[in-house]
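S.K.: My structure is below; once you've seen it, I'll send some questions.
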Amino acid sequence: MSAFKTGPVFEGFGPHAPVEGMGPVPADTEFSHAFDVAVPAEEGKNSRGFESAARFINMHVAAGVDPDNIRVAVVVHGKASMDLLNDAAWAAKGREGANPSGAMIREMLDHGVRFILCGQSGIAYGITKDDLIPGVETALSAMTAHALLQQRGYTVNPF
């Protein structure tokens, strides 16, 4: 039986497990954390990189951190850029069905998670603003997005 479960913020994705022997994370802890995602989702599955961001939120809220104290940004570039497409653009790019990561992205956006497309990757893959899930931002580049986030106090996920 797995100790991993989803919630309390995102049900259905972002699984995490409690860690025995550690004290609670103080409720007033503040996180501003950025994830770098360049690896695309496996066909028909949610993006693992996006799911890592959801896991970060779920596990810290479950450990006692106030969800209002958690700010997360997901910087997307390379082939993973295609995972930010709305369903119409997904189909127009020759993909089957709906974007498998679409519902997860929309729910995360609704909870304040920022998704930032590398503008250079967008151009390379022929992605326009109209192709993106509403709420997805575009930066000049992934490098620009990370530099600006770091200036605003965001740490970068090291893996």
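Numbering starts fresh at 1 for the residues of each chain in the structure tokens, the chains themselves are lettered A, B, ... in the order given, and ligands are numbered from 1 as they appear.
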Taking only chain A into account, list the residues labelled strand (DSSP E or B) by DSSP (computed from the backbone), as a ChimeraX atom specification.

M.R.: /A:5,16,31-37,70-76,85,114-118,132,137-139,155-156

S.K.: I'd like the neighbourhood of Glu137 in chain A as a PyMOL selection string, where a residue qualifies if any of its atoms comes within 9 Å (using only C-alpha atoms), though same-chain residues fewer than 3 positions away should be ignored.

M.R.: chain A and resi 114-118+129+132+134

S.K.: Could you turn the residues from that selection into a file that holds N, CA and C atoms, as an mmCIF file, in the first residue's frame?

M.R.:
```
data_model
loop_
_atom_site.group_PDB
_atom_site.id
_atom_site.type_symbol
_atom_site.label_atom_id
_atom_site.label_comp_id
_atom_site.auth_asym_id
_atom_site.auth_seq_id
_atom_site.Cartn_x
_atom_site.Cartn_y
_atom_site.Cartn_z
ATOM 1 N N ARG A 114 1.951 30.293 -11.499
ATOM 2 C CA ARG A 114 2.271 30.968 -12.755
ATOM 3 C C ARG A 114 2.934 29.979 -13.699
ATOM 4 N N PHE A 115 2.473 29.938 -14.941
ATOM 5 C CA PHE A 115 3.116 29.177 -16.007
ATOM 6 C C PHE A 115 3.667 30.192 -16.986
ATOM 7 N N ILE A 116 4.976 30.109 -17.250
ATOM 8 C CA ILE A 116 5.647 31.100 -18.087
ATOM 9 C C ILE A 116 6.340 30.378 -19.243
ATOM 10 N N LEU A 117 5.901 30.682 -20.457
ATOM 11 C CA LEU A 117 6.489 30.099 -21.657
ATOM 12 C C LEU A 117 7.718 30.892 -22.073
ATOM 13 N N CYS A 118 8.769 30.200 -22.422
ATOM 14 C CA CYS A 118 9.945 30.811 -23.030
ATOM 15 C C CYS A 118 9.546 31.305 -24.422
ATOM 16 N N LYS A 129 0.295 33.431 -28.851
ATOM 17 C CA LYS A 129 -0.436 33.679 -27.601
ATOM 18 C C LYS A 129 -1.816 33.019 -27.645
ATOM 19 N N LEU A 132 -2.130 29.321 -26.476
ATOM 20 C CA LEU A 132 -1.872 28.957 -25.087
ATOM 21 C C LEU A 132 -3.146 28.851 -24.257
ATOM 22 N N PRO A 134 -5.481 29.894 -21.554
ATOM 23 C CA PRO A 134 -5.622 31.231 -20.968
ATOM 24 C C PRO A 134 -4.996 31.311 -19.575
#
```

S.K.: Can you list, as a list in words, every protein, DNA or RNA residue that comes within 6 Å of range 33-45 of chain A when you count only C-alpha atoms, leaving out same-chain residues fewer than 5 positions away?

M.R.: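 So, after excluding close chain neighbours, the residues are Val72, Ala73, Val74, Val75, Val76, His77, Gly78, Lys79, Ala80, Pro100, Tyr154, Thr155, Val156 and Asn157 of chain A.
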
S.K.: With only C-alpha atoms as the basis for distance, which of A:Leu109, A:Met104, A:Ile133, A:Ile127 is at the shortest distance from Asn46 in chain A?

M.R.: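 The closest residue to Asn46 in chain A is A:Met104.
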
S.K.: What does the structure give for the distance between CA of Asp131 in chain A and CA of Gly112 in chain A, in Å to one decimal?

M.R.: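 Straight-line distance from CA of Asp131 in chain A to CA of Gly112 in chain A works out to 20.6 Å.
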
S.K.: Could you tell me how far CA of Met108 in chain A sits from CA of Gly12 in chain A, in Å to one decimal place?

M.R.: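 One can read the CA of Gly12 in chain A to CA of Met108 in chain A distance as 12.0 Å.
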
S.K.: Just checking: using only C-alpha atoms, which residue out of A:Ala145, A:Pro158, A:Val61, A:Phe10 ends up closest to Arg106 in chain A?

M.R.: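 Ranked by minimum distance to Arg106 in chain A, first place goes to A:Phe10.
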
S.K.: Find the residues around Ala3 in chain A up to 8 Å (only C-alpha atoms counted), leave out those fewer than 6 positions away in its own chain, and share them as an MDAnalysis selection string.

M.R.: chainID A and resid 16:18

S.K.: Restricting it to N, CA, C and O atoms, dump the selection as an mmCIF file, in the first residue's frame.

M.R.:
```
data_model
loop_
_atom_site.group_PDB
_atom_site.id
_atom_site.type_symbol
_atom_site.label_atom_id
_atom_site.label_comp_id
_atom_site.auth_asym_id
_atom_site.auth_seq_id
_atom_site.Cartn_x
_atom_site.Cartn_y
_atom_site.Cartn_z
ATOM 1 N N HIS A 16 2.116 13.038 -2.698
ATOM 2 C CA HIS A 16 3.199 13.211 -1.730
ATOM 3 C C HIS A 16 2.955 12.255 -0.580
ATOM 4 O O HIS A 16 1.867 11.701 -0.443
ATOM 5 N N ALA A 17 3.973 12.069 0.252
ATOM 6 C CA ALA A 17 3.845 11.186 1.414
ATOM 7 C C ALA A 17 4.331 11.923 2.659
ATOM 8 O O ALA A 17 5.270 12.718 2.585
ATOM 9 N N PRO A 18 3.703 11.665 3.798
ATOM 10 C CA PRO A 18 4.205 12.251 5.041
ATOM 11 C C PRO A 18 5.553 11.627 5.393
ATOM 12 O O PRO A 18 5.836 10.485 5.016
#
```

S.K.: How would you write, as a VMD selection string, the set of residues in chain A that DSSP gives as helix (DSSP H, G or I)?

M.R.: chain A and resid 48 to 62 67 to 69 78 to 84 87 to 92 102 to 110 119 to 124 129 to 131 142 to 151

S.K.: Take CA of Ile57 in chain A and CA of Leu140 in chain A and report the distance between them in Å, one decimal.

M.R.: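 Spanning CA of Ile57 in chain A to CA of Leu140 in chain A is a straight-line distance of 26.7 Å.
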
S.K.: Would you please work out which residue, of A:Ala89, A:Ile123, A:Met82, A:Val9, is nearest to Asn58 in chain A when using only C-alpha atoms?

M.R.: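 Counting only C-alpha atoms, the residue closest to Asn58 in chain A is A:Val9.
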